[in-house]
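> Below is the file coords.cif, with mmCIF, C-alpha atoms.
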```
data_input
#
loop_
_atom_site.group_PDB
_atom_site.id
_atom_site.type_symbol
_atom_site.label_atom_id
_atom_site.label_comp_id
_atom_site.auth_asym_id
_atom_site.auth_seq_id
_atom_site.Cartn_x
_atom_site.Cartn_y
_atom_site.Cartn_z
ATOM 1 C CA MET A 19 86.632 62.707 123.989
ATOM 2 C CA ASN A 20 85.203 59.151 123.809
ATOM 3 C CA ASN A 21 84.498 57.155 120.648
ATOM 4 C CA LYS A 22 80.782 57.976 120.739
ATOM 5 C CA THR A 23 81.483 61.677 120.864
ATOM 6 C CA GLN A 24 84.066 61.332 118.077
ATOM 7 C CA ASN A 25 81.493 59.603 115.895
ATOM 8 C CA ILE A 26 78.932 62.334 116.546
ATOM 9 C CA VAL A 27 81.448 65.029 115.755
ATOM 10 C CA GLY A 28 82.607 63.183 112.659
ATOM 11 C CA LYS A 29 79.070 62.836 111.374
ATOM 12 C CA ARG A 30 78.303 66.484 111.974
ATOM 13 C CA ASN A 31 81.472 67.767 110.355
ATOM 14 C CA LEU A 32 79.546 68.572 107.211
ATOM 15 C CA PRO A 33 80.534 70.912 104.340
ATOM 16 C CA LYS A 34 78.430 73.621 105.951
ATOM 17 C CA GLU A 35 80.664 73.737 109.020
ATOM 18 C CA VAL A 36 83.808 73.483 106.900
ATOM 19 C CA PHE A 37 82.941 76.473 104.752
ATOM 20 C CA LEU A 38 81.636 78.502 107.688
ATOM 21 C CA HIS A 39 84.923 78.082 109.526
ATOM 22 C CA LEU A 40 86.959 78.886 106.429
ATOM 23 C CA LEU A 41 84.810 81.940 105.708
ATOM 24 C CA ALA A 42 85.173 83.159 109.290
ATOM 25 C CA MET A 43 88.963 82.936 109.214
ATOM 26 C CA ILE A 44 89.380 84.452 105.756
ATOM 27 C CA THR A 45 87.131 87.397 106.569
ATOM 28 C CA LEU A 46 88.969 87.827 109.880
ATOM 29 C CA TYR A 47 92.333 88.162 108.118
ATOM 30 C CA TRP A 48 90.868 90.462 105.481
ATOM 31 C CA SER A 49 89.202 92.669 108.092
ATOM 32 C CA ALA A 50 92.393 92.854 110.146
ATOM 33 C CA ILE A 51 94.397 93.949 107.105
ATOM 34 C CA GLY A 52 91.763 96.539 106.222
ATOM 35 C CA PHE A 53 91.683 97.894 109.784
ATOM 36 C CA ILE A 54 95.481 98.150 110.006
ATOM 37 C CA THR A 55 95.586 99.862 106.604
ATOM 38 C CA LEU A 56 93.002 102.387 107.788
ATOM 39 C CA LEU A 57 94.988 103.040 110.966
ATOM 40 C CA PHE A 58 98.098 103.614 108.860
ATOM 41 C CA GLN A 59 96.321 106.243 106.763
ATOM 42 C CA CYS A 60 95.093 107.980 109.918
ATOM 43 C CA VAL A 61 98.692 108.095 111.132
ATOM 44 C CA ASN A 62 99.783 109.476 107.750
ATOM 45 C CA TYR A 63 97.225 112.246 108.172
ATOM 46 C CA LEU A 64 97.922 113.060 111.806
ATOM 47 C CA VAL A 65 101.706 112.797 111.531
ATOM 48 C CA PRO A 66 102.737 113.759 107.972
ATOM 49 C CA ASP A 67 106.287 112.996 106.864
ATOM 50 C CA VAL A 68 107.866 115.413 104.387
ATOM 51 C CA LEU A 69 110.255 112.760 103.062
ATOM 52 C CA ALA A 70 107.462 110.239 102.487
ATOM 53 C CA ASP A 71 104.711 112.602 101.297
ATOM 54 C CA ASN A 72 106.576 115.157 99.219
ATOM 55 C CA PHE A 73 106.689 113.200 95.984
ATOM 56 C CA TYR A 74 103.251 111.642 95.755
ATOM 57 C CA PRO A 75 100.904 112.187 98.703
ATOM 58 C CA GLY A 76 97.926 111.066 96.617
ATOM 59 C CA ARG A 77 99.061 107.463 96.818
ATOM 60 C CA TYR A 78 97.317 107.168 100.185
ATOM 61 C CA LEU A 79 93.860 107.503 98.658
ATOM 62 C CA GLY A 80 93.944 104.028 97.106
ATOM 63 C CA PRO A 81 94.790 102.146 100.328
ATOM 64 C CA LEU A 82 92.308 104.307 102.225
ATOM 65 C CA ARG A 83 89.465 103.380 99.869
ATOM 66 C CA PHE A 84 90.473 99.712 100.025
ATOM 67 C CA ALA A 85 90.412 99.764 103.823
ATOM 68 C CA ILE A 86 87.011 101.447 104.032
ATOM 69 C CA SER A 87 85.509 99.123 101.402
ATOM 70 C CA SER A 88 86.881 96.050 103.159
ATOM 71 C CA LEU A 89 85.534 97.048 106.545
ATOM 72 C CA ILE A 90 82.098 97.955 105.165
ATOM 73 C CA ILE A 91 81.645 94.651 103.313
ATOM 74 C CA VAL A 92 83.991 92.038 104.768
ATOM 75 C CA PHE A 93 83.785 92.815 108.492
ATOM 76 C CA PRO A 94 79.976 92.381 108.696
ATOM 77 C CA VAL A 95 80.377 89.036 106.915
ATOM 78 C CA PHE A 96 82.912 88.014 109.563
ATOM 79 C CA ILE A 97 80.559 89.087 112.356
ATOM 80 C CA LEU A 98 77.592 87.257 110.804
ATOM 81 C CA THR A 99 79.583 84.069 110.224
ATOM 82 C CA SER A 100 81.017 84.156 113.734
ATOM 83 C CA TRP A 101 77.513 84.665 115.160
ATOM 84 C CA ILE A 102 76.193 81.636 113.266
ATOM 85 C CA LEU A 103 79.068 79.523 114.578
ATOM 86 C CA TYR A 104 78.569 80.891 118.091
ATOM 87 C CA LYS A 105 74.876 79.905 118.078
ATOM 88 C CA SER A 106 75.850 76.498 116.773
ATOM 89 C CA TYR A 107 78.397 76.020 119.581
ATOM 90 C CA MET A 108 75.863 77.087 122.198
ATOM 91 C CA LYS A 109 73.462 74.392 121.009
ATOM 92 C CA ASP A 110 76.131 71.729 120.590
ATOM 93 C CA SER A 111 79.489 72.395 122.261
ATOM 94 C CA GLU A 112 80.892 69.192 120.734
ATOM 95 C CA LYS A 113 81.226 71.006 117.430
ATOM 96 C CA ARG A 114 84.046 73.009 118.976
ATOM 97 C CA GLU A 115 86.110 69.836 118.749
ATOM 98 C CA PHE A 116 86.127 69.832 114.949
ATOM 99 C CA LYS A 117 89.665 69.260 113.766
ATOM 100 C CA LEU A 118 89.329 71.917 111.078
ATOM 101 C CA ARG A 119 88.293 74.492 113.672
ATOM 102 C CA LYS A 120 91.242 73.584 115.887
ATOM 103 C CA TRP A 121 93.664 73.829 112.974
ATOM 104 C CA LEU A 122 92.327 77.200 111.884
ATOM 105 C CA LEU A 123 92.366 78.630 115.401
ATOM 106 C CA TYR A 124 95.899 77.495 116.094
ATOM 107 C CA PHE A 125 97.004 78.763 112.702
ATOM 108 C CA THR A 126 95.451 82.136 113.510
ATOM 109 C CA ILE A 127 97.191 82.208 116.888
ATOM 110 C CA PHE A 128 100.449 81.201 115.215
ATOM 111 C CA THR A 129 100.089 83.931 112.584
ATOM 112 C CA ALA A 130 99.244 86.580 115.168
ATOM 113 C CA ALA A 131 102.262 85.552 117.250
ATOM 114 C CA LEU A 132 104.548 85.838 114.216
ATOM 115 C CA ILE A 133 103.155 89.279 113.427
ATOM 116 C CA ILE A 134 103.741 90.443 117.004
ATOM 117 C CA ILE A 135 107.299 89.106 116.980
ATOM 118 C CA GLY A 136 108.011 90.575 113.551
ATOM 119 C CA ASP A 137 106.541 93.916 114.563
ATOM 120 C CA LEU A 138 108.716 94.103 117.665
ATOM 121 C CA VAL A 139 111.789 93.170 115.623
ATOM 122 C CA ARG A 140 110.896 95.927 113.141
ATOM 123 C CA VAL A 141 110.586 98.459 115.969
ATOM 124 C CA ILE A 142 114.030 97.585 117.341
ATOM 125 C CA TYR A 143 115.529 97.541 113.845
ATOM 126 C CA GLY A 144 114.049 100.939 113.071
ATOM 127 C CA PHE A 145 115.237 102.328 116.399
ATOM 128 C CA LEU A 146 118.813 101.153 115.756
ATOM 129 C CA GLY A 147 118.614 102.751 112.307
ATOM 130 C CA GLY A 148 117.575 106.097 113.724
ATOM 131 C CA GLU A 149 113.899 105.786 112.759
ATOM 132 C CA ILE A 150 112.311 106.928 115.996
ATOM 133 C CA THR A 151 109.680 109.238 114.595
ATOM 134 C CA LEU A 152 106.218 109.344 116.124
ATOM 135 C CA ARG A 153 104.784 108.244 112.787
ATOM 136 C CA PHE A 154 106.812 105.032 112.778
ATOM 137 C CA ILE A 155 106.028 104.257 116.419
ATOM 138 C CA LEU A 156 102.271 104.738 115.942
ATOM 139 C CA LYS A 157 102.230 102.401 112.939
ATOM 140 C CA ALA A 158 104.143 99.764 114.865
ATOM 141 C CA LEU A 159 101.726 100.104 117.778
ATOM 142 C CA SER A 160 98.766 99.768 115.379
ATOM 143 C CA VAL A 161 99.998 96.404 114.120
ATOM 144 C CA LEU A 162 100.859 95.286 117.652
ATOM 145 C CA PHE A 163 97.408 96.298 118.916
ATOM 146 C CA VAL A 164 95.448 94.392 116.258
ATOM 147 C CA ALA A 165 97.647 91.295 116.396
ATOM 148 C CA SER A 166 97.544 91.211 120.207
ATOM 149 C CA ILE A 167 93.731 91.450 120.275
ATOM 150 C CA ILE A 168 93.393 88.557 117.824
ATOM 151 C CA PHE A 169 96.025 86.503 119.647
ATOM 152 C CA GLY A 170 94.485 87.100 123.086
ATOM 153 C CA TYR A 171 90.899 86.425 122.015
ATOM 154 C CA TYR A 172 91.586 83.155 120.210
ATOM 155 C CA ILE A 173 94.093 81.786 122.700
ATOM 156 C CA ASP A 174 91.346 82.194 125.317
ATOM 157 C CA ASP A 175 88.665 80.747 123.051
ATOM 158 C CA VAL A 176 90.605 77.628 122.107
ATOM 159 C CA ARG A 177 91.032 76.698 125.771
ATOM 160 C CA ARG A 178 87.314 76.788 126.558
ATOM 161 C CA GLU A 179 85.006 73.817 126.288
ATOM 162 C CA ARG A 180 82.013 76.106 125.715
ATOM 163 C CA PRO A 181 81.873 79.541 124.061
ATOM 164 C CA SER A 182 82.212 82.465 126.441
ATOM 165 C CA LYS A 183 79.049 84.496 127.032
ATOM 166 C CA SER A 184 81.198 87.617 127.132
ATOM 167 C CA ALA A 185 82.027 87.084 123.452
ATOM 168 C CA ARG A 186 78.960 89.084 122.426
ATOM 169 C CA TYR A 187 80.228 92.111 124.354
ATOM 170 C CA PHE A 188 83.586 91.766 122.649
ATOM 171 C CA VAL A 189 81.820 91.716 119.272
ATOM 172 C CA TRP A 190 79.856 94.864 120.098
ATOM 173 C CA LEU A 191 83.011 96.633 121.233
ATOM 174 C CA ALA A 192 84.945 95.552 118.124
ATOM 175 C CA SER A 193 82.064 96.642 115.891
ATOM 176 C CA PHE A 194 81.959 100.049 117.586
ATOM 177 C CA VAL A 195 85.714 100.547 117.094
ATOM 178 C CA VAL A 196 85.483 99.550 113.435
ATOM 179 C CA LEU A 197 82.512 101.880 112.922
ATOM 180 C CA ILE A 198 84.486 104.791 114.376
ATOM 181 C CA ALA A 199 87.409 103.901 112.106
ATOM 182 C CA ILE A 200 85.136 103.838 109.032
ATOM 183 C CA ILE A 201 83.653 107.234 109.911
ATOM 184 C CA GLY A 202 87.165 108.617 110.356
ATOM 185 C CA GLY A 203 88.157 107.165 107.004
ATOM 186 C CA PHE A 204 85.233 108.874 105.295
ATOM 187 C CA LEU A 205 86.228 112.181 106.869
ATOM 188 C CA LEU A 206 89.761 111.783 105.529
ATOM 189 C CA ALA A 207 88.881 110.533 102.052
ATOM 190 C CA GLY A 208 85.964 112.886 101.471
ATOM 191 C CA SER A 209 82.532 111.963 100.191
ATOM 192 C CA PRO A 210 82.101 110.067 96.905
ATOM 193 C CA ALA A 211 80.668 113.246 95.367
ATOM 194 C CA GLU A 212 83.778 115.222 96.312
ATOM 195 C CA GLN A 213 86.022 112.469 95.001
ATOM 196 C CA ARG A 214 84.203 112.533 91.668
ATOM 197 C CA LEU A 215 84.741 116.296 91.366
ATOM 198 C CA LEU A 216 88.397 115.755 92.201
ATOM 199 C CA ARG A 217 88.705 113.107 89.483
ATOM 200 C CA PHE A 218 87.120 115.465 86.968
ATOM 201 C CA ASP A 219 89.701 118.129 87.816
ATOM 202 C CA GLU A 220 92.521 115.611 87.635
ATOM 203 C CA GLN A 221 91.415 114.503 84.177
ATOM 204 C CA LYS A 222 91.196 118.123 83.005
ATOM 205 C CA ILE A 223 94.788 118.765 84.040
ATOM 206 C CA ASN A 224 95.883 115.565 82.292
ATOM 207 C CA ASP A 225 94.052 116.692 79.142
ATOM 208 C CA LEU A 226 95.617 120.152 79.235
ATOM 209 C CA GLN A 227 99.065 118.652 79.675
ATOM 210 C CA ASN A 228 98.419 116.426 76.684
ATOM 211 C CA ILE A 229 97.174 119.329 74.561
ATOM 212 C CA GLN A 230 100.123 121.498 75.587
ATOM 213 C CA ALA A 231 102.601 118.790 74.574
ATOM 214 C CA ASN A 232 100.945 118.451 71.176
ATOM 215 C CA ILE A 233 100.929 122.232 70.644
ATOM 216 C CA ILE A 234 104.672 122.346 71.338
ATOM 217 C CA ASN A 235 105.238 119.396 69.021
ATOM 218 C CA TYR A 236 103.150 121.153 66.337
ATOM 219 C CA TRP A 237 105.279 124.297 66.645
ATOM 220 C CA GLN A 238 108.521 122.317 66.468
ATOM 221 C CA ARG A 239 107.426 120.654 63.239
ATOM 222 C CA LYS A 240 105.821 123.678 61.514
ATOM 223 C CA GLU A 241 107.380 126.647 63.333
ATOM 224 C CA LYS A 242 103.983 128.157 63.994
ATOM 225 C CA LEU A 243 101.259 127.685 66.540
ATOM 226 C CA PRO A 244 98.008 125.946 65.554
ATOM 227 C CA GLU A 245 95.184 128.376 64.903
ATOM 228 C CA THR A 246 92.665 126.121 66.645
ATOM 229 C CA LEU A 247 92.840 122.875 68.566
ATOM 230 C CA ASN A 248 91.338 121.073 65.581
ATOM 231 C CA ASP A 249 94.670 121.622 63.799
ATOM 232 C CA LEU A 250 96.217 119.130 66.213
ATOM 233 C CA LYS A 251 94.069 116.258 64.961
ATOM 234 C CA ASP A 252 96.091 113.549 63.253
ATOM 235 C CA SER A 253 94.142 110.797 61.507
ATOM 236 C CA ILE A 254 97.310 108.789 60.776
ATOM 237 C CA ALA A 255 98.584 108.810 64.359
ATOM 238 C CA GLY A 256 95.017 108.539 65.618
ATOM 239 C CA TYR A 257 95.239 111.603 67.832
ATOM 240 C CA GLY A 258 92.040 113.411 68.735
ATOM 241 C CA VAL A 259 91.870 116.500 70.895
ATOM 242 C CA PRO A 260 90.298 115.646 74.275
ATOM 243 C CA ILE A 261 87.276 117.550 75.539
ATOM 244 C CA ASP A 262 86.201 118.525 79.039
ATOM 245 C CA PRO A 263 84.901 115.246 80.587
ATOM 246 C CA GLN A 264 82.475 117.129 82.826
ATOM 247 C CA THR A 265 80.910 119.661 80.454
ATOM 248 C CA LYS A 266 81.538 117.710 77.227
ATOM 249 C CA LYS A 267 82.787 120.963 75.650
ATOM 250 C CA SER A 268 86.119 121.798 74.039
ATOM 251 C CA TYR A 269 88.834 123.369 76.137
ATOM 252 C CA GLU A 270 89.555 127.020 75.446
ATOM 253 C CA TYR A 271 92.629 127.774 73.385
ATOM 254 C CA VAL A 272 93.811 131.286 72.469
ATOM 255 C CA VAL A 273 96.909 132.281 70.492
ATOM 256 C CA LYS A 274 98.557 135.231 72.261
ATOM 257 C CA GLY A 275 101.625 135.722 70.025
ATOM 258 C CA ASP A 276 104.103 133.942 67.782
ATOM 259 C CA LEU A 277 105.298 131.811 70.680
ATOM 260 C CA SER A 278 102.588 132.354 73.286
ATOM 261 C CA PHE A 279 99.246 130.675 73.808
ATOM 262 C CA GLU A 280 96.653 130.180 76.520
ATOM 263 C CA LEU A 281 94.702 127.103 77.658
ATOM 264 C CA CYS A 282 91.607 127.466 79.840
ATOM 265 C CA ALA A 283 89.319 125.119 81.789
ATOM 266 C CA VAL A 284 86.729 125.266 84.568
ATOM 267 C CA PHE A 285 87.707 123.561 87.842
ATOM 268 C CA ASN A 286 85.707 122.355 90.827
ATOM 269 C CA LYS A 287 88.447 122.532 93.470
ATOM 270 C CA ALA A 288 91.527 124.657 94.079
ATOM 271 C CA PHE A 289 94.997 123.173 93.621
ATOM 272 C CA ASN A 290 98.288 124.481 94.955
ATOM 273 C CA LYS A 291 101.120 121.999 95.073
ATOM 274 C CA ALA A 292 103.246 124.053 97.456
ATOM 275 C CA GLU A 293 100.523 124.276 100.101
ATOM 276 C CA SER A 294 98.280 121.278 99.632
ATOM 277 C CA SER A 295 98.262 117.842 101.156
ATOM 278 C CA LEU A 296 96.162 114.751 100.567
ATOM 279 C CA TYR A 297 93.464 115.454 103.103
ATOM 280 C CA THR A 298 93.018 119.226 103.073
ATOM 281 C CA GLN A 299 89.892 120.373 101.288
ATOM 282 C CA GLU A 300 91.241 123.791 100.295
ATOM 283 C CA PRO A 301 93.450 123.625 98.354
ATOM 284 C CA ILE A 302 93.119 120.067 97.113
ATOM 285 C CA TYR A 303 95.895 117.730 95.991
ATOM 286 C CA TYR A 304 95.357 115.595 92.937
ATOM 287 C CA PRO A 305 96.465 111.972 93.032
ATOM 288 C CA GLY A 306 98.673 112.818 90.041
ATOM 289 C CA ASN A 307 102.183 114.232 89.903
ATOM 290 C CA PHE A 308 101.462 117.743 88.604
ATOM 291 C CA SER A 309 103.944 120.612 88.748
ATOM 292 C CA GLU A 310 103.260 124.020 90.270
ATOM 293 C CA SER A 311 102.696 125.418 86.770
ATOM 294 C CA TRP A 312 99.214 123.868 86.973
ATOM 295 C CA ASN A 313 98.179 125.581 90.229
ATOM 296 C CA HIS A 314 94.660 126.926 89.928
ATOM 297 C CA GLY A 315 91.659 128.207 91.834
ATOM 298 C CA ILE A 316 87.986 127.317 91.564
ATOM 299 C CA GLY A 317 86.099 128.184 88.385
ATOM 300 C CA ARG A 318 87.486 129.274 85.005
ATOM 301 C CA VAL A 319 91.285 129.363 85.034
ATOM 302 C CA CYS A 320 93.655 130.071 82.139
ATOM 303 C CA PHE A 321 97.248 128.897 81.842
ATOM 304 C CA GLU A 322 99.486 131.124 79.714
ATOM 305 C CA ARG A 323 102.467 129.448 78.082
ATOM 306 C CA THR A 324 105.392 130.787 76.070
ATOM 307 C CA ILE A 325 107.535 128.389 74.071
ATOM 308 C CA ASP A 326 111.287 128.688 74.716
ATOM 309 C CA LYS A 327 113.042 128.029 71.402
ATOM 310 C CA GLN A 328 116.197 126.980 73.235
ATOM 311 C CA LEU A 329 114.335 124.267 75.114
ATOM 312 C CA TYR A 330 112.062 123.294 72.206
ATOM 313 C CA PRO A 331 113.996 124.022 68.970
ATOM 314 C CA PRO A 332 112.345 123.468 65.576
ATOM 315 C CA LEU A 333 112.966 119.980 64.274
ATOM 316 C CA ASN A 334 113.952 121.048 60.758
ATOM 317 C CA LYS A 335 116.806 123.422 61.683
ATOM 318 C CA LYS A 336 119.191 124.299 64.458
ATOM 319 C CA ILE A 337 118.834 127.362 66.666
ATOM 320 C CA ASP A 338 121.940 129.542 67.030
#
```
Just give me the structure as structure tokens.


Amino acid sequence: MNNKTQNIVGKRNLPKEVFLHLLAMITLYWSAIGFITLLFQCVNYLVPDVLADNFYPGRYLGPLRFAISSLIIVFPVFILTSWILYKSYMKDSEKREFKLRKWLLYFTIFTAALIIIGDLVRVIYGFLGGEITLRFILKALSVLFVASIIFGYYIDDVRRERPSKSARYFVWLASFVVLIAIIGGFLLAGSPAEQRLLRFDEQKINDLQNIQANIINYWQRKEKLPETLNDLKDSIAGYGVPIDPQTKKSYEYVVKGDLSFELCAVFNKAFNKAESSLYTQEPIYYPGNFSESWNHGIGRVCFERTIDKQLYPPLNKKID
């Protein structure tokens, strides 16, 4: 590039171009992470692992929501920014010689190459360690696929003097793949309305657990069950009995005997820890770590409890 061209490029290397290039690269990385995360959750759904999912399968909901949110917001920003830069390059190909653009492209290629190398090393390491499950292989291929696409596209782009006209077809194809991934993510995560019902049910179980613990503590201190839930209120400790977050009504509490009581609530979804998984709609799995003693169906469900004096002895005397 001659001195005249260098001067033109230098004059046109304005803050607008700087921030557009930075925005394009940042949104590219963010979108790639979101897409890989979404692929991982699809693999978790299609190929469940008992060892990984048994303790807390609900942990996948958070990453799944992050991935969907990122692709809905960040990916269109990347496409729009890239389109603006593409139109700018078509009008003035000399802008492709910006040093910042070259640095960012080569850094992206360098990062993608490192990811590919690291992913292959991880595959071999996992294979030598006996981790040859389909789940592991699919995740490794997901990372390899995304990194290879980014590496191949930008290594081709950086060699060209003018932007490729086929880039628009690549954008349409990438957008279609991302759209399919987002739709799949929605199918796995459930609609926002369903998630809200699930959160209501989760909170109800948390409240009932809290109330149950305070009833047991009340019995240990006074050797009798509270007549009503209002007896559990403690102004000094600042404890107030929670109410149903959905109906704004008190939970049902019935004394069944000297050591027995019953707690009732109305639920939106069924829950069975032994049978459920993150993505099944019936029965549902809460994102919490609830025991099987809180299994329930849809509608009004009561949980009957009997205090074992050997497990929960009174605090003011010993039990023989």

> Report, in Å with one decimal, the straight-line distance from atom CA of Thr99 of chain A to atom CA of Leu38 of chain A.

6.5 Å

> What does the PyMOL selection byres ((chain A and resi 119) around 10) select in this file, as a list of chain:residue names?

A:Glu35, A:Val36, A:Leu38, A:His39, A:Leu40, A:Met43, A:Lys113, A:Arg114, A:Glu115, A:Phe116, A:Lys117, A:Leu118, A:Lys120, A:Trp121, A:Leu122, A:Leu123, A:Tyr124, A:Phe125, A:Val176

> State, in Å with one decimal place, the distance from atom CA of Glu322 of chain A to atom CA of Lys274 of chain A.

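Interatomic distance, atom CA of Glu322 of chain A to atom CA of Lys274 of chain A: 8.6 Å.
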
> Suppose a student applies the PyMOL selection byres ((chain A and resi 236) around 12) to this structure; what residues should they get, written as a VMD selection string?

chain A and resid 229 to 235 237 to 252 277 325 330 to 333

> Given the file shown, determine the residues that the PyMOL selection byres ((chain A and resi 285) around 9) selects; report them as a PDB file with C-alpha atoms, in the frame of the given file.


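Saved the output as out.pdb:
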```pdb
ATOM      1  CA  LEU A 215      84.741 116.296  91.366  1.00  0.00           C
ATOM      2  CA  LEU A 216      88.397 115.755  92.201  1.00  0.00           C
ATOM      3  CA  PHE A 218      87.120 115.465  86.968  1.00  0.00           C
ATOM      4  CA  ASP A 219      89.701 118.129  87.816  1.00  0.00           C
ATOM      5  CA  LYS A 222      91.196 118.123  83.005  1.00  0.00           C
ATOM      6  CA  ALA A 283      89.319 125.119  81.789  1.00  0.00           C
ATOM      7  CA  VAL A 284      86.729 125.266  84.568  1.00  0.00           C
ATOM      8  CA  ASN A 286      85.707 122.355  90.827  1.00  0.00           C
ATOM      9  CA  LYS A 287      88.447 122.532  93.470  1.00  0.00           C
ATOM     10  CA  ALA A 288      91.527 124.657  94.079  1.00  0.00           C
ATOM     11  CA  HIS A 314      94.660 126.926  89.928  1.00  0.00           C
ATOM     12  CA  GLY A 315      91.659 128.207  91.834  1.00  0.00           C
ATOM     13  CA  ILE A 316      87.986 127.317  91.564  1.00  0.00           C
ATOM     14  CA  GLY A 317      86.099 128.184  88.385  1.00  0.00           C
ATOM     15  CA  ARG A 318      87.486 129.274  85.005  1.00  0.00           C
ATOM     16  CA  VAL A 319      91.285 129.363  85.034  1.00  0.00           C
TER      17      VAL A 319
END
```

> One number please: atom CA of Pro94 of chain A to atom CA of Trp190 of chain A, in Å, one decimal.

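Calculated distance between atom CA of Pro94 of chain A and atom CA of Trp190 of chain A is 11.7 Å.
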
> Which neighbours of Cys60 of chain A fall inside 12 Å, counting all atoms listed in the file, when residues of the same chain fewer than 4 positions from it are skipped, and could you give them as a ChimeraX atom specification?

/A:53-56,64-66,78-79,81-82,85-86,153,156-157,160,198-207,296-297

> Have a look at A:Asn224, A:Thr129, A:Ser100, A:Thr265 and name the one nearest to Phe37 of chain A; count all atoms listed in the file.

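Distance minimum relative to Phe37 of chain A lands on A:Ser100.
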
> Hey, which of A:Trp312, A:Tyr143, A:Phe169, A:Phe154 ends up closest to Asp225 of chain A? Count only C-alpha atoms.

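The shortest atom-to-atom distance to Asp225 of chain A comes from A:Trp312.
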
> Which is closest to Tyr172 of chain A among A:Ile97, A:Ala131, A:Leu89, A:Ala211, if we use all atoms listed in the file?

A:Ala131

> Find the residues around Ile261 of chain A up to 10 Å (all atoms listed in the file counted), leave out those fewer than 3 positions away in its own chain, and share them as a list in words.

Lys222, Asp225, Leu226, Gly258, Gln264, Thr265, Lys266, Lys267, Ser268, Tyr269 and Glu270 of chain A

> Find, counting all atoms listed in the file, the residue in A:Thr126, A:Leu191, A:Glu280, A:Thr151 that gets nearest to Ile173 of chain A.

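Selected residue with least distance to Ile173 of chain A: A:Thr126.
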